[in-house]
Structure formats: C-alpha cells, structure tokens
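Read through the structure below, which is laid out as structure tokens, and then see the notes.
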Amino acid sequence: MRATDDVLNAIRRHGAEAYPEEGCGFLLGEMNADGVRATRVHRAGNERATERERRFTLSPAAYRTAEAAAEDAGLDVVGFYHSHPDAPARPSETDLTEAPFSGYAYVIIGVEDGQPAALTAWQLAPDRSRFVEDDITRDAAATPS
Amino acid sequence: MPTTQTQTVTVRIPTPLRSYAGDQKTAEAEGATVGDALADLAERYPDLREQLYDGDGDLRSFVNVYVGDEDIRHTGGAETSLDGGEEVSIVPSVAGGAFG
C-alpha cells in the first residue's frame with residue numbers, strides 16, 4: 001500500500017482520540033493492478049452498540065457516505081482502518097471473518113495507553129483464508145484537498 | 001400466457017470487484033427483481049459470482065444491496081421488484097475488532 005504521511009498520521013490521531021474504544025474509517029484513493037494508493041482518510045463512527053473497546057462496525061450506509069465523498073474528490077474507496085486499543089496491530093479472527101472483499105487495504109493502528117503505536121497494513125487473501133501483511137510505502141505526493 | 005417483464009438496471013460495483021467486471025464502475029443487468037438482476041450480473045461476469053455469493057448460493061453476509069437510496073433489507077430483500085432504470089448498488093459492510 002502507498003499512503004501519504006497525512007493519511008498515516010490521520011489514522012494514528014483517530015486511533016488515539018477514540019481510545020479506549022476502537023476508531024474506524026475509510027481510506028480513499030486509487031486502486032489498480034499495482035495495489036492501493038491512499039490519499040485521504042474518511043473518518044466514520046464506530047457503529048457497534050456494545051463492546052466498542054474491542055469491536056467495530058462500518059455500516060453500508062457509512063460506506064455509501066464515504067463513497068460519495070470519494071466520488072466528489074475524484075477518488076474511490078480503497079480500504080478501511082480501525083484501531084486495536086491495548087492490543088497488537090494484527091488482524092484478529094473476527095477481522096478475518098468479517099472482512100469484505102479482497103483487494104481493499106486493511107489498516108490497523110495499535111493504541112497503547114492512549115498513544116498510537118504500530119501501524120500495519122494487510123491484504124485479504126483471495127480465498128479469504130488469511131490476511132497477508134502489506135508493506136506501507138510512504139507517498140510524498142501532496143494530499144488533494 | 002403472461003410474459004415476464006425484463007428490466008434493465010445499472011449496478012454500481014465496489015472498487016475491488018471492478019476488475020471482475022470489465023474494469024467498470026457500473027454494469028448493466030436485467031431482471032424483474034433485485035435477485036434476478038444480480039444473478040444476471042453474475043452470469044455476465046462469472047468471476048463476480050464467488051465474490052458475491054457463498055457456497056450455498058446466498059449473498060455473503062457483508063454484501064448489502066441498495067436500490068436507489070433504499071437498503072433492500074427494508075424493501076423485500078432479493079424479491080424487491082425493479083421498474084427498470086434504477087441504480088442498484090452493491091455495498092460492503094465491514095466489522096471486526098481486536099478480540100473475537
């Protein structure tokens with residue numbers, strides 16, 4: 001995954017602000033055969049009614065809102081992020097079971113005692129059997145605004 | 001004999017599935033109901049089928065479908081009828097979290 005510093009820092013910030021709950025949102029940018037380039041973050045609310053310290057939900061309505069914001073900016077929804085408060089920045093079994101399609105970038109920000117920690121990116125294997133860690137290449141290009 | 005009216009709708013394809021649908025953001029499909037239109041779409045683009053449906057032939061749990069601005073869960077599900085010309089959107093939902 002390629003991402004600008006602005007995107008990576010916005011994810012870290014959201015993870016810290018949502019602590020001790022999980023924060024989540026969408027990555028906007030471009031997707032092609034080479035992968036995902038994230039140029040903007042679209043924050044969303046964690047729509048879980050309970051257990052928000054360890055679970056998150058992004059509803060289809062939230063996806064549609066993010067998709068509209070992406071279209072307005074000439075971008076696409078290219079992935080998702082969520083935080084793991086006081087837990088490793090690795091996908092859980094639940095993350096695997098409830099992930100949608102392969103091809104999106106799945107970013108996890110670990111948050112320890114309210115401070116952003118490891119930030120990792122993952123690709124869902126095409127057969128949905130596992131997540132494969134993805135390198136994050138910092139993209140120097142300016143974030144369109 | 002009654003004839004079944006066939007309606008043409010535009011289906012919005014989520015970003016990672018476009019590569020299975022001719023790299024298009026939208027594709028046309030025909031059907032009198034949402035279920036029929038999605039089945040027609042899967043017929044036209046067979047690689048989409050396993051993305052959208054599980055082994056039992058049901059839409060995967062994270063696959064949501066809208067007709068216009070209405071989630072079909074509130075309008076009759078796959079049996080939701082189509083007049084033709086609507087925009088049908090395939091919309092993923094996402095969930096997960098640190099601990100299962």
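Residue numbering restarts at 1 for every chain of the structure tokens, chains are lettered A, B, ... in their displayed order, and ligands are numbered from 1 as they appear.
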
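All residues of protein, DNA or RNA that reach within 10 Å of Asp36 in chain B, judged by only C-alpha atoms and not counting those fewer than 4 positions away in the chain, are Thr6, Gln7, Ala29, Glu30, Gly31, Ala32, Asp40, Leu41, Ala42, Ala78, Glu79, Thr80, Ser81 and Leu82 of chain B.
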
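Residue neighbourhood of Thr120 in chain A, excluding near-sequence residues (fewer than 4 positions): Ala89, Arg90, Val107, Ile108, Ile109, Glu133, Asp134 and Ile136 of chain A, at 8 Å, using only C-alpha atoms.
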
Pull out every residue of chain B that has at least one atom within 8 Å of chain A, counting only C-alpha atoms, and report them as a PyMOL selection string. chain B and resi 15-17+51+62-64+91-100

Taking only range 39-133 of chain A into account, list the residues labelled strand (DSSP E) by DSSP (computed from the backbone), as a ChimeraX atom specification. /A:39-44,56-58,76-85,105-112,115-124,131-133
